[in-house]
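As stored in entry_24.cif (mmCIF, C-alpha atoms):
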data_start
loop_
_atom_site.label_atom_id
_atom_site.label_comp_id
_atom_site.auth_asym_id
_atom_site.auth_seq_id
_atom_site.Cartn_x
_atom_site.Cartn_y
_atom_site.Cartn_z
CA MET H 1 11.67 83.99 0.59
CA SER H 2 7.91 84.26 0.98
CA ASN H 3 8.21 83.52 4.67
CA PRO H 4 11.33 85.29 5.93
CA SER H 5 10.64 84.75 9.65
CA HIS H 6 10.36 81.01 9.13
CA GLN H 7 13.59 80.97 7.14
CA SER H 8 15.54 82.76 9.85
CA VAL H 9 14.37 80.17 12.38
CA GLU H 10 15.51 77.41 10.03
CA THR H 11 18.99 78.81 9.57
CA HIS H 12 19.40 79.70 13.22
CA ASP H 13 18.37 76.24 14.38
CA GLU H 14 21.67 74.57 13.53
CA HIS H 15 20.61 71.21 14.91
CA HIS H 16 18.46 69.35 12.42
CA VAL H 17 15.59 67.60 14.18
CA VAL H 18 14.94 64.34 12.35
CA PRO H 19 11.28 63.32 12.18
CA VAL H 20 10.30 60.27 14.24
CA SER H 21 9.10 58.48 11.10
CA VAL H 22 12.72 58.33 9.88
CA TYR H 23 13.81 56.60 13.10
CA ILE H 24 10.97 54.11 12.86
CA GLY H 25 11.79 53.41 9.20
CA VAL H 26 15.47 52.82 9.97
CA PHE H 27 14.55 50.64 12.93
CA LEU H 28 12.26 48.45 10.81
CA ALA H 29 14.91 48.16 8.09
CA LEU H 30 17.47 47.04 10.71
CA ILE H 31 15.11 44.39 12.10
CA VAL H 32 14.26 43.06 8.63
CA LEU H 33 17.95 42.93 7.68
CA THR H 34 18.76 41.04 10.90
CA VAL H 35 16.16 38.41 10.01
CA VAL H 36 17.47 38.27 6.43
CA THR H 37 21.11 37.87 7.48
CA ALA H 38 20.23 35.12 10.00
CA TRP H 39 18.16 33.30 7.38
CA VAL H 40 20.61 33.67 4.49
CA ALA H 41 23.35 32.17 6.68
CA THR H 42 21.53 28.83 6.41
CA VAL H 43 21.57 28.95 2.59
CA ASP H 44 24.68 27.73 0.80
CA LEU H 45 25.90 30.53 -1.42
CA GLY H 46 29.41 29.10 -1.69
CA ALA H 47 32.02 31.83 -1.76
CA PHE H 48 29.34 34.50 -1.45
CA ASN H 49 28.32 33.58 2.12
CA PHE H 50 30.99 35.84 3.55
CA ALA H 51 30.34 38.71 1.12
CA VAL H 52 26.59 38.69 1.73
CA ALA H 53 26.94 38.61 5.52
CA ILE H 54 29.49 41.44 5.51
CA GLY H 55 27.51 43.40 2.91
CA ILE H 56 24.35 43.32 5.03
CA ALA H 57 26.34 44.28 8.14
CA LEU H 58 27.93 47.22 6.30
CA PHE H 59 24.53 48.40 5.10
CA LYS H 60 23.04 48.13 8.61
CA ALA H 61 26.00 50.01 10.09
CA SER H 62 25.61 52.74 7.46
CA LEU H 63 21.95 53.19 8.38
CA VAL H 64 22.84 53.56 12.06
CA ILE H 65 25.69 55.99 11.33
CA LEU H 66 23.76 58.16 8.88
CA TYR H 67 20.40 58.38 10.67
CA PHE H 68 20.67 57.34 14.34
CA MET H 69 24.01 59.13 14.72
CA HIS H 70 22.86 62.07 12.55
CA VAL H 71 25.97 61.99 10.39
CA LYS H 72 23.84 62.66 7.30
CA TYR H 73 23.06 66.05 8.86
CA SER H 74 26.53 66.73 10.32
CA ASP H 75 28.98 69.35 9.14
CA ARG H 76 31.81 68.47 6.80
CA LEU H 77 34.50 68.55 9.49
CA THR H 78 32.71 65.78 11.43
CA LYS H 79 32.31 63.75 8.25
CA MET H 80 36.01 64.14 7.52
CA VAL H 81 36.99 62.92 11.00
CA ILE H 82 34.79 59.83 10.57
CA GLY H 83 36.02 59.22 7.04
CA THR H 84 39.64 59.43 8.16
CA GLY H 85 38.99 56.91 10.94
CA LEU H 86 37.26 54.46 8.63
CA PHE H 87 39.98 54.86 6.02
CA THR H 88 42.61 54.01 8.64
CA LEU H 89 40.62 50.91 9.62
CA VAL H 90 40.48 49.82 5.98
CA LEU H 91 44.27 50.26 5.71
CA LEU H 92 44.78 48.17 8.86
CA LEU H 93 42.58 45.34 7.62
CA PHE H 94 43.42 45.27 3.91
CA ILE H 95 47.16 45.83 3.96
CA THR H 96 47.57 43.13 6.59
CA MET H 97 45.27 40.74 4.74
CA THR H 98 47.04 41.23 1.40
CA ASP H 99 50.09 39.74 3.12
CA ILE H 100 48.10 36.85 4.62
CA TRP H 101 46.22 36.11 1.39
CA THR H 102 49.21 36.17 -0.96
CA ARG H 103 51.76 34.15 1.04
CA THR H 104 50.55 30.87 -0.43
CA TRP H 105 50.92 32.19 -3.97
CA MET H 106 54.65 32.52 -3.77
CA GLY H 107 55.77 29.72 -1.50
CA VAL H 108 57.14 32.10 1.08
CA PRO H 109 58.69 30.22 4.03
CA GLY H 110 56.58 30.27 7.17
CA ARG H 111 53.33 29.53 5.47
CA MET Q 1 18.84 90.24 19.54
CA ALA Q 2 19.67 91.61 22.99
CA SER Q 3 23.37 91.81 23.77
CA THR Q 4 24.91 90.27 26.91
CA ALA Q 5 21.64 89.14 28.46
CA ALA Q 6 21.23 86.65 25.60
CA VAL Q 7 24.35 84.65 26.52
CA PRO Q 8 23.06 81.30 27.81
CA THR Q 9 24.39 79.96 31.12
CA PHE Q 10 25.56 76.66 29.63
CA LEU Q 11 27.89 78.45 27.21
CA LYS Q 12 31.49 78.14 28.40
CA HIS Q 13 33.47 81.37 28.14
CA HIS Q 14 36.07 79.93 25.75
CA PHE Q 15 33.45 79.34 23.06
CA GLU Q 16 32.10 82.03 20.83
CA SER Q 17 28.63 80.61 20.46
CA ALA Q 18 26.44 77.71 21.52
CA ASP Q 19 26.73 76.27 18.02
CA GLN Q 20 30.51 76.33 18.17
CA GLN Q 21 30.46 74.68 21.60
CA LYS Q 22 28.17 71.95 20.35
CA GLY Q 23 30.26 71.39 17.22
CA ALA Q 24 33.39 71.04 19.36
CA SER Q 25 31.67 68.43 21.55
CA GLY Q 26 30.66 66.48 18.47
CA ILE Q 27 34.16 66.50 17.00
CA GLY Q 28 35.64 65.46 20.35
CA MET Q 29 33.19 62.59 20.71
CA TRP Q 30 33.82 61.39 17.18
CA LEU Q 31 37.59 61.50 17.70
CA PHE Q 32 37.09 59.27 20.73
CA LEU Q 33 34.90 56.92 18.69
CA VAL Q 34 37.55 56.78 15.96
CA THR Q 35 40.05 55.52 18.55
CA GLU Q 36 37.42 52.98 19.58
CA ILE Q 37 37.09 51.86 15.97
CA MET Q 38 40.82 51.16 15.90
CA PHE Q 39 40.61 49.45 19.32
CA PHE Q 40 38.01 46.98 18.08
CA GLY Q 41 39.67 46.98 14.64
CA GLY Q 42 42.71 45.18 16.06
CA LEU Q 43 40.50 42.38 17.35
CA PHE Q 44 38.65 42.14 14.05
CA LEU Q 45 41.99 41.88 12.27
CA ALA Q 46 43.09 39.06 14.60
CA TYR Q 47 39.81 37.30 13.83
CA PHE Q 48 40.31 37.60 10.06
CA VAL Q 49 43.94 36.42 10.21
CA TYR Q 50 43.20 33.32 12.32
CA ARG Q 51 40.03 32.50 10.45
CA GLN Q 52 42.11 32.50 7.28
CA ALA Q 53 44.72 30.26 8.92
CA TYR Q 54 42.37 27.70 10.52
CA PRO Q 55 39.06 27.77 8.58
CA ALA Q 56 37.92 24.31 9.68
CA ALA Q 57 38.47 25.03 13.38
CA PHE Q 58 36.60 28.34 13.08
CA ALA Q 59 33.68 26.88 11.14
CA SER Q 60 32.98 24.08 13.58
CA ALA Q 61 33.63 26.15 16.72
CA SER Q 62 31.39 28.93 15.39
CA SER Q 63 28.49 26.50 15.01
CA LYS Q 64 28.68 25.79 18.77
CA LEU Q 65 27.29 29.26 19.45
CA ASN Q 66 23.58 29.64 20.11
CA LEU Q 67 22.21 31.22 16.93
CA PRO Q 68 18.63 32.00 18.17
CA LEU Q 69 20.02 33.74 21.28
CA GLY Q 70 22.52 35.71 19.21
CA ALA Q 71 19.81 36.82 16.78
CA ALA Q 72 17.42 37.73 19.61
CA ASN Q 73 20.16 39.77 21.26
CA THR Q 74 20.77 41.59 17.98
CA VAL Q 75 17.09 42.57 17.89
CA VAL Q 76 17.23 43.68 21.54
CA LEU Q 77 20.24 45.87 20.82
CA ILE Q 78 18.62 47.44 17.74
CA CYS Q 79 15.54 48.22 19.88
CA SER Q 80 17.80 49.88 22.44
CA SER Q 81 19.34 51.97 19.67
CA LEU Q 82 15.87 53.12 18.65
CA THR Q 83 14.96 54.08 22.24
CA MET Q 84 18.31 55.90 22.55
CA ALA Q 85 17.67 57.80 19.31
CA MET Q 86 14.23 58.71 20.70
CA ALA Q 87 15.81 59.90 23.96
CA VAL Q 88 18.10 62.22 22.00
CA HIS Q 89 15.14 63.31 19.90
CA SER Q 90 13.05 64.08 23.01
CA ALA Q 91 15.97 65.99 24.50
CA ALA Q 92 16.31 68.14 21.37
CA LEU Q 93 12.61 68.99 21.65
CA GLY Q 94 12.91 69.66 25.39
CA LYS Q 95 10.43 66.95 26.40
CA GLN Q 96 11.91 66.21 29.80
CA LYS Q 97 9.63 63.37 30.90
CA LEU Q 98 10.11 61.53 27.60
CA ILE Q 99 13.91 61.76 27.92
CA ILE Q 100 13.67 59.86 31.20
CA PHE Q 101 11.19 57.35 29.79
CA TYR Q 102 13.37 56.54 26.78
CA LEU Q 103 16.57 56.40 28.84
CA ILE Q 104 14.94 53.90 31.21
CA ALA Q 105 13.78 51.85 28.20
CA THR Q 106 17.34 51.88 26.84
CA LEU Q 107 18.66 50.84 30.25
CA PHE Q 108 16.17 47.96 30.40
CA LEU Q 109 17.06 46.71 26.89
CA GLY Q 110 20.79 47.03 27.56
CA GLY Q 111 20.31 45.02 30.75
CA ALA Q 112 18.37 42.37 28.83
CA PHE Q 113 21.22 42.07 26.33
CA LEU Q 114 23.78 41.65 29.10
CA GLY Q 115 21.56 39.06 30.81
CA VAL Q 116 21.36 36.94 27.66
CA LYS Q 117 25.11 37.33 27.18
CA ALA Q 118 25.72 36.13 30.75
CA TYR Q 119 23.52 33.10 30.08
CA GLU Q 120 25.51 32.31 26.92
CA TYR Q 121 28.81 32.63 28.78
CA HIS Q 122 27.50 30.32 31.48
CA ASP Q 123 26.52 27.82 28.79
CA LYS Q 124 30.05 27.89 27.39
CA TRP Q 125 31.41 27.32 30.89
CA GLU Q 126 29.14 24.28 31.37
CA HIS Q 127 30.21 22.82 28.04
CA HIS Q 128 33.94 23.27 28.70
CA GLU Q 129 34.21 25.63 25.75
CA ILE Q 130 36.26 28.24 27.58
CA PRO Q 131 39.90 28.14 26.44
CA GLY Q 132 42.27 26.85 29.09
CA GLU Q 133 43.10 23.67 30.96
CA ASN Q 134 39.55 22.34 30.99
CA PHE Q 135 38.80 23.13 27.37
CA ASP Q 136 37.17 20.09 25.85
CA CYS Q 137 35.42 20.04 22.49
CA GLU Q 138 35.31 16.52 21.10
CA THR Q 139 32.95 17.41 18.30
CA CYS Q 140 35.08 20.35 17.16
CA ALA Q 141 37.03 19.89 13.95
CA ASP Q 142 40.72 20.64 14.53
CA PRO Q 143 40.33 20.74 18.35
CA GLY Q 144 43.89 21.98 18.70
CA HIS Q 145 42.94 25.30 17.16
CA ALA Q 146 39.29 25.56 18.26
CA PRO Q 147 40.32 27.44 21.45
CA LEU Q 148 41.57 30.22 19.18
CA PHE Q 149 38.03 30.86 18.01
CA PHE Q 150 36.68 30.85 21.55
CA SER Q 151 39.48 33.14 22.75
CA LEU Q 152 38.51 35.66 20.08
CA TYR Q 153 34.82 35.13 20.83
CA PHE Q 154 35.33 35.96 24.51
CA ALA Q 155 37.73 38.82 23.85
CA MET Q 156 35.47 40.50 21.28
CA THR Q 157 32.10 39.96 22.97
CA GLY Q 158 33.72 40.62 26.36
CA LEU Q 159 35.12 43.98 25.27
CA HIS Q 160 31.75 44.77 23.71
CA ALA Q 161 29.92 43.81 26.91
CA MET Q 162 32.34 45.93 28.94
CA HIS Q 163 31.40 48.92 26.80
CA MET Q 164 27.75 48.18 27.48
CA ILE Q 165 28.32 47.94 31.24
CA ILE Q 166 30.08 51.32 31.18
CA GLY Q 167 27.16 52.61 29.11
CA VAL Q 168 24.66 51.37 31.71
CA PHE Q 169 26.44 53.38 34.42
CA ILE Q 170 26.38 56.47 32.22
CA ILE Q 171 22.64 56.00 31.57
CA PHE Q 172 22.05 55.97 35.35
CA PHE Q 173 23.88 59.27 35.57
CA LEU Q 174 21.92 60.75 32.65
CA ILE Q 175 18.58 59.67 34.17
CA GLN Q 176 19.56 61.32 37.44
CA GLN Q 177 20.50 64.54 35.67
CA ALA Q 178 17.41 64.46 33.48
CA ALA Q 179 15.24 64.06 36.58
CA LYS Q 180 16.78 67.30 37.89
CA GLY Q 181 15.76 68.99 34.66
CA ALA Q 182 19.35 69.49 33.50
CA TYR Q 183 18.55 68.92 29.81
CA THR Q 184 16.57 71.47 27.87
CA ALA Q 185 15.73 72.09 24.23
CA LYS Q 186 18.70 74.50 24.08
CA TRP Q 187 21.26 72.26 25.75
CA SER Q 188 21.27 68.48 25.98
CA THR Q 189 24.80 67.73 24.76
CA PRO Q 190 25.53 64.89 27.26
CA VAL Q 191 22.45 62.95 26.10
CA GLU Q 192 23.40 63.51 22.48
CA MET Q 193 27.05 62.46 22.97
CA PHE Q 194 26.07 59.38 24.93
CA GLY Q 195 23.68 58.53 22.09
CA LEU Q 196 26.68 58.43 19.73
CA TYR Q 197 28.50 56.08 22.10
CA TRP Q 198 25.51 53.77 22.46
CA HIS Q 199 24.97 53.58 18.69
CA PHE Q 200 28.67 52.85 18.21
CA VAL Q 201 28.38 49.88 20.59
CA ASP Q 202 25.37 48.74 18.55
CA ILE Q 203 27.41 48.95 15.33
CA VAL Q 204 30.17 46.80 16.82
CA TRP Q 205 27.57 44.13 17.59
CA ILE Q 206 26.14 44.43 14.05
CA PHE Q 207 29.54 43.14 12.85
CA LEU Q 208 30.20 40.70 15.70
CA PHE Q 209 26.92 38.86 15.16
CA PRO Q 210 27.53 37.70 11.56
CA LEU Q 211 31.28 37.14 12.02
CA LEU Q 212 30.97 35.01 15.16
CA TYR Q 213 27.56 33.39 14.83
CA LEU Q 214 26.65 33.24 11.16
CA ILE Q 215 29.42 33.04 8.62
CA ASP Q 216 30.22 29.34 8.77
CA ARG Q 217 26.75 27.96 9.40
CA VAL Q 218 26.22 26.27 6.06
CA PRO Q 219 26.89 22.54 6.43
CA GLY Q 220 27.83 22.10 2.77
CA LYS Q 221 31.12 23.93 3.08
#

As structure tokens, how would this structure be written, given the file I've shared?
Amino acid sequence: MSNPSHQSVETHDEHHVVPVSVYIGVFLALIVLTVVTAWVATVDLGAFNFAVAIGIALFKASLVILYFMHVKYSDRLTKMVIGTGLFTLVLLLFITMTDIWTRTWMGVPGR
Amino acid sequence: MASTAAVPTFLKHHFESADQQKGASGIGMWLFLVTEIMFFGGLFLAYFVYRQAYPAAFASASSKLNLPLGAANTVVLICSSLTMAMAVHSAALGKQKLIIFYLIATLFLGGAFLGVKAYEYHDKWEHHEIPGENFDCETCADPGHAPLFFSLYFAMTGLHAMHMIIGVFIIFFLIQQAAKGAYTAKWSTPVEMFGLYWHFVDIVWIFLFPLLYLIDRVPGK
């Protein structure tokens, strides 16, 4: 409240301008994670190979969505639209895969 | 605030304020991207189902891809995402020359990605690894099902590359508009919306790279 003119500019300027340092930081993290994921693919982690690769990809995608695409600074309606889309994708993948994964458990014909 | 004189020229009459107009553009763009997520999602699902069904075929066919080129292309695409984010950033600050500079950089990096991709496709052609009559992969395990992997590889990377080619055309348009001074600190919505599209294409590749190139690399399994 000590600087009312500054505050009014802040609230009026709806679009949040992200400092360049944030972009550079995210960029460096993405490059490092790319190197890590390419390297870790040559290490035998058994059943965890898949989980690690997908985990790193999910983390990288989250960085891009939150910072490069400004979703961290978006309004709640935008976040809800994105969340709904991702939820639908998860339904598509998981409900289908529960069928594929469990067929062998029960000796269902066709598998 | 002055009354009618303050209404900016870019504000369409059916919107109450510039903020509302911008918010509507953002929601519209994200709705489009959500349909794109489902579009690619179908292909990802097909990949998961067939990988589950024929793991040996997928593992050996996957190792035929050129890992160093795939990794280099990932880095190129991440760089292009940074330059795109900087273009949007410059636009928000009204730095007109920098918008053009960063858009050209993005165009260049996108072109480099597509060039490497074309080289990889050509390589697959030379090695008879394109599904069809001349498909021939003697060193593939389960050669009867190896074409499935390559079909998915070409469908997924092909659809991704098509998005990039469309993106390249849009960048040309944006550069042309930016050169005319169309984008200012108050209004640069097309640059911002295209930024979302370009980053989305980057995200698709972030998943394609490990799934197609990396997951079955370990010889032990």

Distance-based interface of chain Q with chain H, 8 Å, counting only C-alpha atoms, as a ChimeraX atom specification: /Q:19,26-27,30-31,34-35,37-38,41,45,48-49,52,71,74-75,78-79,81-82,85-86,89,92,195-196,199,203,206-207,210-211,214-221

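With atom CA of Q:Phe150 on one side and atom CA of Q:Ser62 on the other, the separation reads 8.3 Å.
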
Between atom CA of Q:Ala72 and atom CA of H:Leu33, what is the spacing in Å? 13.0 Å

Any chance you could work out the residue set of the PyMOL selection byres ((chain Q and resi 25) around 12) here, as a PDB file with C-alpha atoms, in the coordinates of the input?
ATOM      1  CA  THR H  78      32.710  65.780  11.430  1.00  0.00           C
TER       2      THR H  78
ATOM      3  CA  LYS Q  12      31.490  78.140  28.400  1.00  0.00           C
ATOM      4  CA  PHE Q  15      33.450  79.340  23.060  1.00  0.00           C
ATOM      5  CA  ALA Q  18      26.440  77.710  21.520  1.00  0.00           C
ATOM      6  CA  ASP Q  19      26.730  76.270  18.020  1.00  0.00           C
ATOM      7  CA  GLN Q  20      30.510  76.330  18.170  1.00  0.00           C
ATOM      8  CA  GLN Q  21      30.460  74.680  21.600  1.00  0.00           C
ATOM      9  CA  LYS Q  22      28.170  71.950  20.350  1.00  0.00           C
ATOM     10  CA  GLY Q  23      30.260  71.390  17.220  1.00  0.00           C
ATOM     11  CA  ALA Q  24      33.390  71.040  19.360  1.00  0.00           C
ATOM     12  CA  GLY Q  26      30.660  66.480  18.470  1.00  0.00           C
ATOM     13  CA  ILE Q  27      34.160  66.500  17.000  1.00  0.00           C
ATOM     14  CA  GLY Q  28      35.640  65.460  20.350  1.00  0.00           C
ATOM     15  CA  MET Q  29      33.190  62.590  20.710  1.00  0.00           C
ATOM     16  CA  TRP Q  30      33.820  61.390  17.180  1.00  0.00           C
ATOM     17  CA  LEU Q  31      37.590  61.500  17.700  1.00  0.00           C
ATOM     18  CA  PHE Q  32      37.090  59.270  20.730  1.00  0.00           C
ATOM     19  CA  TRP Q 187      21.260  72.260  25.750  1.00  0.00           C
ATOM     20  CA  SER Q 188      21.270  68.480  25.980  1.00  0.00           C
ATOM     21  CA  THR Q 189      24.800  67.730  24.760  1.00  0.00           C
ATOM     22  CA  PRO Q 190      25.530  64.890  27.260  1.00  0.00           C
ATOM     23  CA  VAL Q 191      22.450  62.950  26.100  1.00  0.00           C
ATOM     24  CA  GLU Q 192      23.400  63.510  22.480  1.00  0.00           C
ATOM     25  CA  MET Q 193      27.050  62.460  22.970  1.00  0.00           C
ATOM     26  CA  PHE Q 194      26.070  59.380  24.930  1.00  0.00           C
ATOM     27  CA  LEU Q 196      26.680  58.430  19.730  1.00  0.00           C
TER      28      LEU Q 196
END

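Pairwise distance (atom CA of H:Thr102, atom CA of Q:Tyr47) equals 17.6 Å.
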
Spatial neighbours of stretch 106-118 of chain Q, 6 Å, all atoms listed in the file, chain gap at least 5 places, as JSON, numbers by chain: {"Q": [73, 80, 83, 84]}

Show which residues sit within 9 Å of Q:Ile175, as a list in words. Count only C-alpha atoms, and ignore same-chain residues fewer than 6 positions away. Ile99, Ile100, Phe101, Leu103 and Ile104 of chain Q

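Between Q:Thr139 and the residues Q:Ile171, Q:His160, Q:His127, Q:Tyr197, the shortest atom-to-atom distance, using all atoms listed in the file, involves Q:His127.
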
Emit stretch 6-17 of chain Q of the structure in the block as a file comprising N, CA, C and O atoms, as a PDB file, in the first residue's frame.
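Output (result_22.pdb):
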ATOM      1  N   ALA Q   6     -10.484   5.932 -25.197  1.00  0.00           N
ATOM      2  CA  ALA Q   6      -9.535   4.945 -24.671  1.00  0.00           C
ATOM      3  C   ALA Q   6      -9.739   3.550 -25.266  1.00  0.00           C
ATOM      4  O   ALA Q   6      -8.945   2.662 -25.030  1.00  0.00           O
ATOM      5  N   VAL Q   7     -10.831   3.359 -26.034  1.00  0.00           N
ATOM      6  CA  VAL Q   7     -11.079   2.024 -26.588  1.00  0.00           C
ATOM      7  C   VAL Q   7     -10.044   1.729 -27.669  1.00  0.00           C
ATOM      8  O   VAL Q   7      -9.966   2.449 -28.663  1.00  0.00           O
ATOM      9  N   PRO Q   8      -9.228   0.680 -27.484  1.00  0.00           N
ATOM     10  CA  PRO Q   8      -8.187   0.402 -28.476  1.00  0.00           C
ATOM     11  C   PRO Q   8      -8.769  -0.154 -29.768  1.00  0.00           C
ATOM     12  O   PRO Q   8      -9.835  -0.795 -29.759  1.00  0.00           O
ATOM     13  N   THR Q   9      -8.057   0.067 -30.881  1.00  0.00           N
ATOM     14  CA  THR Q   9      -8.587  -0.327 -32.195  1.00  0.00           C
ATOM     15  C   THR Q   9      -8.652  -1.837 -32.371  1.00  0.00           C
ATOM     16  O   THR Q   9      -9.435  -2.339 -33.157  1.00  0.00           O
ATOM     17  N   PHE Q  10      -7.780  -2.576 -31.653  1.00  0.00           N
ATOM     18  CA  PHE Q  10      -7.781  -4.027 -31.833  1.00  0.00           C
ATOM     19  C   PHE Q  10      -8.923  -4.709 -31.095  1.00  0.00           C
ATOM     20  O   PHE Q  10      -9.177  -5.888 -31.288  1.00  0.00           O
ATOM     21  N   LEU Q  11      -9.632  -3.950 -30.244  1.00  0.00           N
ATOM     22  CA  LEU Q  11     -10.713  -4.544 -29.443  1.00  0.00           C
ATOM     23  C   LEU Q  11     -11.955  -4.720 -30.299  1.00  0.00           C
ATOM     24  O   LEU Q  11     -12.533  -3.750 -30.783  1.00  0.00           O
ATOM     25  N   LYS Q  12     -12.368  -5.994 -30.475  1.00  0.00           N
ATOM     26  CA  LYS Q  12     -13.572  -6.282 -31.259  1.00  0.00           C
ATOM     27  C   LYS Q  12     -14.804  -5.839 -30.450  1.00  0.00           C
ATOM     28  O   LYS Q  12     -14.810  -5.927 -29.225  1.00  0.00           O
ATOM     29  N   HIS Q  13     -15.853  -5.414 -31.194  1.00  0.00           N
ATOM     30  CA  HIS Q  13     -16.981  -4.798 -30.495  1.00  0.00           C
ATOM     31  C   HIS Q  13     -17.733  -5.755 -29.586  1.00  0.00           C
ATOM     32  O   HIS Q  13     -18.407  -5.339 -28.663  1.00  0.00           O
ATOM     33  N   HIS Q  14     -17.619  -7.087 -29.852  1.00  0.00           N
ATOM     34  CA  HIS Q  14     -18.381  -8.027 -29.025  1.00  0.00           C
ATOM     35  C   HIS Q  14     -17.666  -8.371 -27.721  1.00  0.00           C
ATOM     36  O   HIS Q  14     -18.150  -9.210 -26.961  1.00  0.00           O
ATOM     37  N   PHE Q  15     -16.522  -7.777 -27.477  1.00  0.00           N
ATOM     38  CA  PHE Q  15     -15.858  -7.986 -26.190  1.00  0.00           C
ATOM     39  C   PHE Q  15     -15.959  -6.725 -25.351  1.00  0.00           C
ATOM     40  O   PHE Q  15     -15.951  -5.611 -25.884  1.00  0.00           O
ATOM     41  N   GLU Q  16     -16.031  -6.947 -24.049  1.00  0.00           N
ATOM     42  CA  GLU Q  16     -16.176  -5.823 -23.143  1.00  0.00           C
ATOM     43  C   GLU Q  16     -14.840  -5.101 -22.936  1.00  0.00           C
ATOM     44  O   GLU Q  16     -14.793  -3.883 -22.846  1.00  0.00           O
ATOM     45  N   SER Q  17     -13.780  -5.894 -22.844  1.00  0.00           N
ATOM     46  CA  SER Q  17     -12.481  -5.287 -22.582  1.00  0.00           C
ATOM     47  C   SER Q  17     -11.391  -6.079 -23.284  1.00  0.00           C
ATOM     48  O   SER Q  17     -11.614  -7.212 -23.732  1.00  0.00           O
TER      49      SER Q  17
END
